[in-house]
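A.B. asks: What follows is a single structure, and I will ask about it in a moment.
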Amino acid sequence: MAGSYANPSEYIKHHLTNLTYGQKADGSWGIAHGADEIKEMGFWSINLDSMFFSIGLGLFFLWIFRKAAKRASTDAPTGLQNFIEMMIEFIDDSVRGSFSGKNPLIAPLALTIFVWVFLMNLMDLIPVDHIPWLASLMGVPYLKIVPSTDPNITFGMSLSVFALVLYYSVKMKGPGGFFAELAFHPFPKFMMPINLVLEGVTLIAKPVSLALRLFGNLYAGEMIFILIALMYSGGWVLGISGGFLQLGWAIFHILIITLQAFIFMTLTIVYLDMASQTDH
Amino acid sequence: MNFNATLIGQTITFAVFVWFCMKYIWPPLMAALDERNARISEGLAAAQRGQQDLEDAQAKVGESLGEAKQQAQEIINQAQKRANEIVDEAKDSARDEADKIKAAASADIAQQITAAREHLRKEVSAIALAGTQQILKREVDAKAHAAVLDELVAQI
């Protein structure tokens, strides 16, 4: 596949470019070709590939779980039902373990994050060229099929979580209590400015680290898959060893994608638990 | 890292998905799981109760079996005692009856002996009278000699 590119660097660049729709420099609307055009489009453009796969996977998650929810009964579950209920119990246990209060939003939120992020990460295991090649046959010039390698996606989720953290902080502690937590801690009151800076950084670090951790892991994983894929154009020996490498990395990656989804979920629960705690 | 409107799109999508999950997925599944949990623990409790009941029943069965055995033994003992009593009674009454029959028989015999003696006596006196009449060949005044005859009769 890499043979149709001028050099490996172009191959890599192409695989890391989103299918972005927006207003071009000359004023017309359309799909950007290359990173420079994406930059020119500014904020008001949209990554069609990320949105497509993100929404598609999300709908898949909702569809499967909704099906299970409709069929849920007190009888002995079978097959898929069993798996879904296992997931539900797993999430419920995690929420009970980490979240001390009572909030009907937390568990569904955790379930959505875990399954959705996992599904988005799972796209990483599909060989990097397959779907983009199929898409290119249909005239789609760029395609990144792993939404979680797009910082827009990870930040979109982590900022939503951050908004919930702020909302529950203010709701549970009151604006004064929330401010006090930021200003009178860890040093005494007269050192308020320093406290504010320290706690402010801690607060901001939550969504940033949440998003960047997921993005970074998946981006790096994707990059390695792309590099391995490059080996296939390097002759028999490199190609075969690349096959083994890809298999090994994919198996290892199963662990990473599950772990990242779990970390994102757990940290969300923990952050919201901290935000909801009044006696601090 | 280029940030663009995908951020907003993803945020909205996220919110909608979480809302849907919170409304249509989590509650029914959780309710079903809770209900099943309740049903299972109920079933286990019922099983335990059944086990307990069975043990109780077995204990009761053993108890009443013992009681019944004891009662049966008592009944047998009583019956044996009663049988012995009946046999004794029967012996006693048989002996009494035999005594009675013996007494009656000897009384009868005594009476018949007396009657026979009386009869004999009368016949003898009649024979004696007739003999005397023939010997004397004359009329003896029965009235005049009644005292003598009676004396004779008494002597027989």
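Each chain in the structure tokens gets a letter, A, B, ..., in the order shown, and its residues are numbered from 1; ligands are numbered from 1 in order too.
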Residues of chain B were defined as contacting chain A if any atom lay at most 8 Å from it, counting only C-alpha atoms; please report them as a ChimeraX atom specification.
C.D. replies: /B:1-11,13-15,17-18,20-22,24-26,28-30,32-33,35-36,39
A.B. asks: What is the distance, in Å and to one decimal place, between atom CA of A:Met123 and atom CA of A:Val146?
C.D. replies: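 So the two atoms, atom CA of A:Met123 and atom CA of A:Val146, lie 5.3 Å apart.
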A.B. asks: Kindly give the distance, in Å, that separates atom CA of A:Ser100 and atom CA of A:Leu210, rounded to a single decimal.
C.D. replies: 21.1 Å
A.B. asks: Write out as a VMD selection string each polymer residue whose atoms come within 10 Å of A:Lys173, counting only C-alpha atoms; drop sequence neighbours fewer than 2 positions from it.
C.D. replies: chain A and resid 168 to 171 175 to 181 275 to 280
A.B. asks: Give me, please, the distance in Å between atom CA of A:Leu198 and atom CA of A:Ala183, quoted to one decimal.
C.D. replies: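 Spanning atom CA of A:Leu198 to atom CA of A:Ala183 is a straight-line distance of 9.0 Å.
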A.B. asks: So that I can see what lies close to stretch 119-131 of chain B, please list as a PyMOL selection string the residues with an atom at most 9 Å from it, counting only C-alpha atoms and leaving out residues fewer than 6 positions away in the same chain.
C.D. replies: chain B and resi 149-150+152-154+156
A.B. asks: Report as a ChimeraX atom specification all protein, DNA and RNA residues lying within 7 Å of A:Tyr232, evaluated on only C-alpha atoms, omitting residues in the same chain fewer than 5 positions from it.
C.D. replies: /A:238-239,242
A.B. asks: When you look at stretch 213-225 of chain A with a cut-off of 9 Å (counting only C-alpha atoms), what residues show up, excluding the ones that are within fewer than 5 positions of it in the same chain? I need them as an mmCIF file with N, CA and C atoms, in the first residue's frame.
C.D. replies:
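Once written, selection_20.cif looks like this:
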data_model
loop_
_atom_site.group_PDB
_atom_site.id
_atom_site.type_symbol
_atom_site.label_atom_id
_atom_site.label_comp_id
_atom_site.auth_asym_id
_atom_site.auth_seq_id
_atom_site.Cartn_x
_atom_site.Cartn_y
_atom_site.Cartn_z
ATOM 1 N N ILE A 12 2.999 8.259 6.142
ATOM 2 C CA ILE A 12 2.622 8.475 7.542
ATOM 3 C C ILE A 12 1.723 9.698 7.672
ATOM 4 N N HIS A 15 -1.747 9.104 6.609
ATOM 5 C CA HIS A 15 -2.545 8.314 7.546
ATOM 6 C C HIS A 15 -2.909 9.084 8.800
ATOM 7 N N LEU A 16 -2.229 10.183 9.028
ATOM 8 C CA LEU A 16 -2.533 10.949 10.233
ATOM 9 C C LEU A 16 -3.369 12.182 9.926
ATOM 10 N N VAL A 117 -15.582 4.481 24.563
ATOM 11 C CA VAL A 117 -14.139 4.649 24.391
ATOM 12 C C VAL A 117 -13.508 3.327 23.966
ATOM 13 N N ASN A 121 -11.458 2.789 20.601
ATOM 14 C CA ASN A 121 -10.090 2.283 20.636
ATOM 15 C C ASN A 121 -9.954 0.999 19.814
ATOM 16 N N ASP A 124 -8.603 0.639 16.409
ATOM 17 C CA ASP A 124 -7.155 0.638 16.232
ATOM 18 C C ASP A 124 -6.646 -0.734 15.795
ATOM 19 N N LEU A 125 -7.384 -1.781 16.120
ATOM 20 C CA LEU A 125 -6.917 -3.129 15.820
ATOM 21 C C LEU A 125 -7.188 -3.528 14.370
ATOM 22 N N PRO A 127 -6.445 -3.412 10.675
ATOM 23 C CA PRO A 127 -5.234 -3.016 9.950
ATOM 24 C C PRO A 127 -5.376 -1.625 9.317
ATOM 25 N N VAL A 128 -4.333 -0.838 9.462
ATOM 26 C CA VAL A 128 -4.444 0.597 9.186
ATOM 27 C C VAL A 128 -4.880 0.932 7.769
ATOM 28 N N VAL A 146 -9.771 5.677 13.684
ATOM 29 C CA VAL A 146 -9.777 5.581 15.149
ATOM 30 C C VAL A 146 -10.106 6.948 15.728
ATOM 31 N N SER A 148 -10.469 7.987 18.693
ATOM 32 C CA SER A 148 -9.747 8.419 19.891
ATOM 33 C C SER A 148 -8.310 8.826 19.581
ATOM 34 N N THR A 149 -7.873 8.769 18.321
ATOM 35 C CA THR A 149 -6.580 9.378 17.999
ATOM 36 C C THR A 149 -6.777 10.817 17.530
ATOM 37 N N ASP A 150 -7.999 11.295 17.645
ATOM 38 C CA ASP A 150 -8.286 12.684 17.308
ATOM 39 C C ASP A 150 -8.496 13.451 18.617
ATOM 40 N N PRO A 151 -7.629 14.412 18.916
ATOM 41 C CA PRO A 151 -7.760 15.115 20.204
ATOM 42 C C PRO A 151 -9.115 15.796 20.357
ATOM 43 N N ILE A 153 -11.924 14.545 19.766
ATOM 44 C CA ILE A 153 -12.839 13.564 20.358
ATOM 45 C C ILE A 153 -12.543 13.393 21.847
ATOM 46 N N THR A 154 -11.258 13.193 22.172
ATOM 47 C CA THR A 154 -10.941 12.954 23.584
ATOM 48 C C THR A 154 -11.209 14.199 24.423
ATOM 49 N N PHE A 155 -10.879 15.373 23.855
ATOM 50 C CA PHE A 155 -11.158 16.594 24.617
ATOM 51 C C PHE A 155 -12.654 16.866 24.702
ATOM 52 N N VAL A 208 -7.383 17.974 31.048
ATOM 53 C CA VAL A 208 -6.288 17.922 30.080
ATOM 54 C C VAL A 208 -5.613 16.551 30.132
ATOM 55 N N LEU A 230 4.418 0.066 7.189
ATOM 56 C CA LEU A 230 5.428 0.495 6.227
ATOM 57 C C LEU A 230 6.359 -0.653 5.845
ATOM 58 N N GLN A 246 3.115 -6.933 13.835
ATOM 59 C CA GLN A 246 1.750 -6.400 13.919
ATOM 60 C C GLN A 246 0.881 -7.267 14.815
ATOM 61 N N TRP A 249 1.968 -6.656 18.442
ATOM 62 C CA TRP A 249 1.551 -5.335 18.929
ATOM 63 C C TRP A 249 0.030 -5.276 19.091
ATOM 64 N N ALA A 250 -0.683 -5.940 18.187
ATOM 65 C CA ALA A 250 -2.148 -5.932 18.278
ATOM 66 C C ALA A 250 -2.613 -6.646 19.544
ATOM 67 N N HIS A 253 -1.945 -4.512 22.289
ATOM 68 C CA HIS A 253 -2.824 -3.351 22.213
ATOM 69 C C HIS A 253 -4.219 -3.638 22.768
ATOM 70 N N ILE A 256 -4.030 -2.460 26.068
ATOM 71 C CA ILE A 256 -3.970 -1.004 26.185
ATOM 72 C C ILE A 256 -5.338 -0.365 25.975
ATOM 73 N N ILE A 257 -6.055 -0.814 24.932
ATOM 74 C CA ILE A 257 -7.320 -0.136 24.647
ATOM 75 C C ILE A 257 -8.330 -0.367 25.766
ATOM 76 N N GLN A 260 -7.127 1.787 28.760
ATOM 77 C CA GLN A 260 -7.382 3.218 28.586
ATOM 78 C C GLN A 260 -8.856 3.541 28.787
ATOM 79 N N ALA A 261 -9.723 2.681 28.264
ATOM 80 C CA ALA A 261 -11.159 2.911 28.462
ATOM 81 C C ALA A 261 -11.496 2.838 29.940
ATOM 82 N N ILE A 263 -9.428 3.369 32.484
ATOM 83 C CA ILE A 263 -8.854 4.503 33.206
ATOM 84 C C ILE A 263 -9.713 5.748 33.027
ATOM 85 N N PHE A 264 -10.121 5.984 31.784
ATOM 86 C CA PHE A 264 -10.961 7.155 31.513
ATOM 87 C C PHE A 264 -12.222 7.096 32.370
#
A.B. asks: Residues of stretch 13-258 of chain A in helix (DSSP H, G or I) according to DSSP, as a PyMOL selection string?
C.D. replies: chain A and resi 13-15+35-41+48-71+79-98+106-125+130-137+147-149+151-183+189-231+235-258
